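This is entry_7.pdb. It holds PDB, C-alpha atoms and all ligand atoms.
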ATOM      1  CA  MET P 671      35.936 -36.655   7.487
ATOM      2  CA  LEU P 672      33.535 -36.065   4.609
ATOM      3  CA  SER P 673      31.107 -38.875   3.925
ATOM      4  CA  ILE P 674      30.168 -40.212   0.518
ATOM      5  CA  VAL P 675      26.727 -39.732  -1.020
ATOM      6  CA  THR P 676      25.558 -43.014  -2.545
ATOM      7  CA  LEU P 677      23.157 -44.175  -5.230
ATOM      8  CA  GLY P 678      19.531 -43.525  -4.329
ATOM      9  CA  ASP P 679      20.287 -40.016  -3.092
ATOM     10  CA  GLU P 680      18.795 -37.625  -5.636
ATOM     11  CA  LEU P 681      21.684 -35.226  -5.119
ATOM     12  CA  LEU P 682      23.708 -37.400  -7.507
ATOM     13  CA  GLN P 683      21.347 -36.482 -10.343
ATOM     14  CA  LYS P 684      21.690 -32.750  -9.829
ATOM     15  CA  SER P 685      23.812 -30.394 -11.837
ATOM     16  CA  SER P 686      26.492 -28.597  -9.816
ATOM     17  CA  ASN P 687      27.016 -24.839  -9.639
ATOM     18  CA  TYR P 688      29.955 -22.805 -10.891
ATOM     19  CA  VAL P 689      32.500 -21.821  -8.263
ATOM     20  CA  GLU P 690      32.936 -18.071  -7.957
ATOM     21  CA  VAL P 691      35.036 -17.657  -4.832
ATOM     22  CA  PHE P 692      38.585 -18.983  -4.778
ATOM     23  CA  ASP P 693      39.708 -18.694  -1.172
ATOM     24  CA  LYS P 694      41.355 -20.619   1.646
ATOM     25  CA  GLU P 695      38.079 -22.341   2.483
ATOM     26  CA  LEU P 696      38.016 -23.748  -1.054
ATOM     27  CA  SER P 697      41.517 -25.131  -0.822
ATOM     28  CA  ASP P 698      40.849 -26.592   2.651
ATOM     29  CA  TYR P 699      37.747 -28.197   1.203
ATOM     30  CA  THR P 700      39.616 -29.818  -1.684
ATOM     31  CA  ASP P 701      42.161 -31.156   0.850
ATOM     32  CA  LYS P 702      39.250 -32.851   2.579
ATOM     33  CA  MET P 703      38.022 -34.206  -0.739
ATOM     34  CA  PHE P 704      41.432 -35.806  -1.340
ATOM     35  CA  GLU P 705      41.374 -37.218   2.183
ATOM     36  CA  ALA P 706      37.988 -38.847   1.573
ATOM     37  CA  MET P 707      38.987 -40.070  -1.892
ATOM     38  CA  LEU P 708      42.147 -41.726  -0.580
ATOM     39  CA  LYS P 709      40.380 -43.220   2.411
ATOM     40  CA  PHE P 710      37.894 -44.966   0.150
ATOM     41  CA  LYS P 711      40.650 -45.854  -2.347
ATOM     42  CA  GLY P 712      39.218 -43.865  -5.214
ATOM     43  CA  ILE P 713      41.186 -42.249  -8.032
ATOM     44  CA  GLY P 714      38.694 -39.439  -8.568
ATOM     45  CA  LEU P 715      36.000 -37.689  -6.577
ATOM     46  CA  ALA P 716      33.473 -35.022  -7.509
ATOM     47  CA  SER P 717      32.199 -32.499  -4.996
ATOM     48  CA  VAL P 718      28.580 -33.636  -5.309
ATOM     49  CA  GLN P 719      29.704 -37.041  -4.025
ATOM     50  CA  VAL P 720      30.464 -35.465  -0.668
ATOM     51  CA  GLY P 721      27.242 -33.486  -0.726
ATOM     52  CA  ARG P 722      28.308 -30.104  -2.040
ATOM     53  CA  LEU P 723      27.000 -29.036  -5.443
ATOM     54  CA  ASP P 724      30.084 -27.189  -6.655
ATOM     55  CA  ARG P 725      31.738 -27.751 -10.010
ATOM     56  CA  ILE P 726      34.896 -29.258  -8.537
ATOM     57  CA  PHE P 727      36.541 -32.631  -8.833
ATOM     58  CA  VAL P 728      39.829 -34.069  -7.676
ATOM     59  CA  VAL P 729      41.837 -36.798  -9.346
ATOM     60  CA  GLN P 730      44.874 -38.818  -8.475
ATOM     61  CA  ILE P 731      45.701 -41.785 -10.632
ATOM     62  CA  PRO P 732      48.681 -44.055  -9.840
ATOM     63  CA  ASN P 733      52.101 -42.509 -10.541
ATOM     64  CA  ASP P 734      50.654 -39.071 -11.138
ATOM     65  CA  GLU P 735      50.290 -35.904  -9.097
ATOM     66  CA  PRO P 736      47.096 -34.915  -7.276
ATOM     67  CA  ARG P 737      44.994 -32.704  -9.551
ATOM     68  CA  VAL P 738      42.166 -30.280  -8.794
ATOM     69  CA  PHE P 739      39.714 -29.151 -11.502
ATOM     70  CA  ILE P 740      37.328 -26.270 -10.864
ATOM     71  CA  ASN P 741      34.599 -25.224 -13.336
ATOM     72  CA  PRO P 742      35.985 -27.735 -15.863
ATOM     73  CA  GLU P 743      34.919 -27.971 -19.504
ATOM     74  CA  ILE P 744      35.989 -30.572 -22.030
ATOM     75  CA  ILE P 745      37.013 -28.636 -25.131
ATOM     76  CA  GLU P 746      38.191 -31.477 -27.347
ATOM     77  CA  THR P 747      37.759 -35.241 -27.510
ATOM     78  CA  SER P 748      39.262 -37.878 -29.751
ATOM     79  CA  VAL P 749      37.248 -39.898 -32.227
ATOM     80  CA  GLU P 750      39.171 -42.897 -30.976
ATOM     81  CA  GLU P 751      37.353 -44.616 -28.152
ATOM     82  CA  ASP P 752      38.354 -47.050 -25.501
ATOM     83  CA  HIS P 753      36.521 -49.258 -23.039
ATOM     84  CA  TYR P 754      37.280 -49.810 -19.403
ATOM     85  CA  GLU P 755      35.556 -51.352 -16.412
ATOM     86  CA  GLU P 756      34.518 -48.371 -14.318
ATOM     87  CA  GLY P 757      33.428 -48.133 -10.735
ATOM     88  CA  CYS P 758      32.354 -45.245  -8.526
ATOM     89  CA  LEU P 759      32.672 -44.486  -4.822
ATOM     90  CA  SER P 760      28.965 -43.583  -4.879
ATOM     91  CA  ILE P 761      27.978 -47.028  -6.199
ATOM     92  CA  PRO P 762      30.246 -49.348  -4.214
ATOM     93  CA  GLY P 763      30.538 -52.893  -5.515
ATOM     94  CA  VAL P 764      29.220 -52.077  -8.984
ATOM     95  CA  ASN P 765      31.390 -52.144 -12.098
ATOM     96  CA  ALA P 766      30.563 -51.913 -15.776
ATOM     97  CA  ASP P 767      32.378 -51.577 -19.021
ATOM     98  CA  VAL P 768      32.016 -48.038 -20.374
ATOM     99  CA  ILE P 769      33.078 -46.715 -23.776
ATOM    100  CA  ARG P 770      34.511 -43.192 -23.849
ATOM    101  CA  PRO P 771      36.888 -41.137 -25.978
ATOM    102  CA  TYR P 772      40.513 -42.138 -25.419
ATOM    103  CA  TYR P 773      41.753 -38.544 -25.296
ATOM    104  CA  VAL P 774      40.336 -35.276 -24.001
ATOM    105  CA  LYS P 775      41.516 -31.711 -23.762
ATOM    106  CA  ILE P 776      40.109 -29.995 -20.712
ATOM    107  CA  GLN P 777      39.999 -26.428 -19.561
ATOM    108  CA  ALA P 778      39.510 -25.674 -15.873
ATOM    109  CA  TYR P 779      40.519 -23.337 -13.064
ATOM    110  CA  ASN P 780      43.027 -24.051 -10.340
ATOM    111  CA  LEU P 781      42.670 -23.170  -6.655
ATOM    112  CA  LYS P 782      44.014 -19.687  -7.324
ATOM    113  CA  GLY P 783      41.265 -19.059  -9.862
ATOM    114  CA  ARG P 784      43.686 -19.244 -12.796
ATOM    115  CA  PRO P 785      42.570 -21.038 -15.950
ATOM    116  CA  PHE P 786      44.619 -23.917 -17.307
ATOM    117  CA  LYS P 787      44.352 -26.465 -20.085
ATOM    118  CA  LEU P 788      45.341 -30.098 -19.892
ATOM    119  CA  GLU P 789      45.578 -32.826 -22.483
ATOM    120  CA  ALA P 790      44.900 -36.273 -21.101
ATOM    121  CA  GLU P 791      44.668 -39.757 -22.469
ATOM    122  CA  ASP P 792      43.940 -43.254 -21.291
ATOM    123  CA  LEU P 793      43.140 -43.581 -17.563
ATOM    124  CA  LEU P 794      43.502 -39.869 -16.771
ATOM    125  CA  ALA P 795      41.154 -38.951 -19.621
ATOM    126  CA  ARG P 796      38.701 -41.567 -18.432
ATOM    127  CA  VAL P 797      38.644 -40.366 -14.823
ATOM    128  CA  ILE P 798      38.262 -36.755 -15.975
ATOM    129  CA  GLN P 799      35.235 -37.690 -18.101
ATOM    130  CA  HIS P 800      33.706 -39.792 -15.324
ATOM    131  CA  GLU P 801      34.106 -36.996 -12.770
ATOM    132  CA  LEU P 802      32.906 -34.285 -15.116
ATOM    133  CA  ASP P 803      29.765 -36.339 -15.698
ATOM    134  CA  HIS P 804      29.086 -36.163 -11.937
ATOM    135  CA  LEU P 805      28.978 -32.363 -12.169
ATOM    136  CA  ASN P 806      26.123 -32.756 -14.658
ATOM    137  CA  GLY P 807      24.248 -35.347 -12.617
ATOM    138  CA  VAL P 808      25.394 -38.232 -14.797
ATOM    139  CA  LEU P 809      26.697 -41.552 -13.448
ATOM    140  CA  PHE P 810      28.762 -44.169 -15.273
ATOM    141  CA  ILE P 811      25.811 -46.547 -15.222
ATOM    142  CA  ASP P 812      23.953 -43.998 -17.370
ATOM    143  CA  HIS P 813      26.370 -44.921 -20.181
ATOM    144  CA  VAL P 814      25.401 -48.582 -20.406
ATOM    145  CA  ASP P 815      22.228 -49.911 -22.048
ATOM    146  CA  SER P 816      19.078 -49.565 -19.971
ATOM    147  CA  GLU P 817      18.655 -53.296 -19.375
ATOM    148  CA  LEU P 818      22.109 -53.620 -17.853
ATOM    149  CA  LYS P 819      21.665 -50.393 -15.926
ATOM    150  CA  ASN P 820      18.419 -51.645 -14.356
ATOM    151  CA  ARG P 821      20.091 -54.888 -13.376
ATOM    152  CA  LEU P 822      23.076 -53.103 -11.819
ATOM    153  CA  VAL P 823      20.819 -50.748  -9.854
ATOM    154  CA  THR P 824      18.575 -53.572  -8.629
ATOM    155  CA  ASP P 825      21.556 -55.699  -7.577
ATOM    156  CA  TYR P 826      23.065 -52.734  -5.784
ATOM    157  CA  HIS P 827      19.939 -51.989  -3.754
ATOM    158  CA  GLN P 828      19.378 -55.657  -2.912
ATOM    159  CA  ARG P 829      22.942 -55.972  -1.675
ATOM    160  CA  LYS P 830      22.568 -52.791   0.365
ATOM    161  CA  GLU P 831      19.377 -54.125   1.992
ATOM    162  CA  LYS P 832      21.113 -57.374   2.866
ATOM    163  CA  LEU P 833      23.977 -55.490   4.491
ATOM    164  CA  ALA P 834      21.503 -53.427   6.509
ATOM    165  CA  GLU P 835      19.734 -56.526   7.888
TER     166      GLU P 835
HETATM  167 NI    NI P 901      32.000 -41.662  -9.712
END
Structure translated into structure tokens:
Amino acid sequence: MLSIVTLGDELLQKSSNYVEVFDKELSDYTDKMFEAMLKFKGIGLASVQVGRLDRIFVVQIPNDEPRVFINPEIIETSVEEDHYEEGCLSIPGVNADVIRPYYVKIQAYNLKGRPFKLEAEDLLARVIQHELDHLNGVLFIDHVDSELKNRLVTDYHQRKEKLAE
């Protein structure tokens, strides 16, 4: 089972690399990503969160199919925005309201190395944007004002220390 990289690990701030080889190992790896995501009850997981700096994320929101995005790019966003209380498997116990575009059009590659486009709105669009941020070393707490971010980070580390005692 893959383990989750958590806040404080500098890996989470790194930009991930483009995937060039689409083989069986890649598809086995994304299976493992889904396994880890489901185990920790997430609806999205980026590769960097399990320690591998590849531009890959997986998503499965309720009542939707499992989706794999490789080398994804957002090619269109709506002006209309929406807010939602986000969380992240890499920052357990922390939630914050984040404003993002309501709709995105994304281009990515599937496991066979074929390009596809997808239009998404609402929760799917949100998860896609959150996960794509991970590939650029950005966390959801980077979207809130710095005062709130500092408080969330401090609380998180204090809680973690308490649990370790
Ligand atoms: Ni996350």
Atom CA of Phe739 of chain P to atom CA of Leu805 of chain P measures 11.2 Å
Enumerate, as a short mmCIF file (atom, residue, chain, number, x, y, z; two decimals) with C-alpha atoms, in the coordinates of the input, the residues matched when the PyMOL selection byres (((chain P and resi 690-703) around 12) and not hetatm) is run on the file above.
data_model
loop_
_atom_site.label_atom_id
_atom_site.label_comp_id
_atom_site.auth_asym_id
_atom_site.auth_seq_id
_atom_site.Cartn_x
_atom_site.Cartn_y
_atom_site.Cartn_z
CA MET P 671 35.94 -36.66 7.49
CA LEU P 672 33.53 -36.06 4.61
CA SER P 673 31.11 -38.88 3.92
CA ILE P 674 30.17 -40.21 0.52
CA ASN P 687 27.02 -24.84 -9.64
CA TYR P 688 29.96 -22.80 -10.89
CA VAL P 689 32.50 -21.82 -8.26
CA PHE P 704 41.43 -35.81 -1.34
CA GLU P 705 41.37 -37.22 2.18
CA ALA P 706 37.99 -38.85 1.57
CA MET P 707 38.99 -40.07 -1.89
CA LEU P 708 42.15 -41.73 -0.58
CA LYS P 709 40.38 -43.22 2.41
CA PHE P 710 37.89 -44.97 0.15
CA GLY P 712 39.22 -43.86 -5.21
CA ILE P 713 41.19 -42.25 -8.03
CA GLY P 714 38.69 -39.44 -8.57
CA LEU P 715 36.00 -37.69 -6.58
CA ALA P 716 33.47 -35.02 -7.51
CA SER P 717 32.20 -32.50 -5.00
CA VAL P 718 28.58 -33.64 -5.31
CA GLN P 719 29.70 -37.04 -4.03
CA VAL P 720 30.46 -35.47 -0.67
CA GLY P 721 27.24 -33.49 -0.73
CA ARG P 722 28.31 -30.10 -2.04
CA ASP P 724 30.08 -27.19 -6.66
CA ARG P 725 31.74 -27.75 -10.01
CA ILE P 726 34.90 -29.26 -8.54
CA PHE P 727 36.54 -32.63 -8.83
CA VAL P 728 39.83 -34.07 -7.68
CA VAL P 729 41.84 -36.80 -9.35
CA GLN P 730 44.87 -38.82 -8.48
CA PRO P 736 47.10 -34.92 -7.28
CA ARG P 737 44.99 -32.70 -9.55
CA VAL P 738 42.17 -30.28 -8.79
CA PHE P 739 39.71 -29.15 -11.50
CA ILE P 740 37.33 -26.27 -10.86
CA ASN P 741 34.60 -25.22 -13.34
CA TYR P 779 40.52 -23.34 -13.06
CA ASN P 780 43.03 -24.05 -10.34
CA LEU P 781 42.67 -23.17 -6.66
CA LYS P 782 44.01 -19.69 -7.32
CA GLY P 783 41.26 -19.06 -9.86
CA ARG P 784 43.69 -19.24 -12.80
#
Env. residues ligand NI 901 (chain P) / 7 Å / all atoms listed in the file / as a PyMOL selection string: chain P and resi 715+757-760+800-801+804+809-810
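Atom CA of Val823 of chain P sits 10.9 Å away from atom CA of Gly763 of chain P.
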Fewer than 6 positions away in the same chain doesn't count, so skip those; otherwise give me all residues within 8 Å of segment 753-756 of chain P, counting only C-alpha atoms, as a VMD selection string. chain P and resid 765 to 770 810
Figure out the distance between atom CA of Glu817 of chain P and atom CA of Leu681 of chain P, please, to one decimal in Å.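 Going from atom CA of Leu681 of chain P over to atom CA of Glu817 of chain P covers 23.2 Å.
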Taking the file as I've supplied it (selection: the PyMOL selection byres (((chain P and resi 791) around 6) and not hetatm)), which residues are included? Please answer as a tab-separated table (two decimals) with C-alpha atoms, in the frame of the given file.
chain	number	residue	atom	x	y	z
P	772	TYR	CA	40.51	-42.14	-25.42
P	773	TYR	CA	41.75	-38.54	-25.30
P	790	ALA	CA	44.90	-36.27	-21.10
P	792	ASP	CA	43.94	-43.25	-21.29
P	794	LEU	CA	43.50	-39.87	-16.77
P	795	ALA	CA	41.15	-38.95	-19.62
Quick check on the file I pasted: which residues fall under the PyMOL selection byres (((chain P and resi 676) around 6) and not hetatm)? Write them as a PyMOL selection string. chain P and resi 675+677+760-761
Find, counting only C-alpha atoms, the residue in P:Lys787, P:Lys775, P:Arg821, P:Lys830 that gets nearest to Gln799 of chain P.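 Among the listed residues, P:Lys775 lies closest to Gln799 of chain P.
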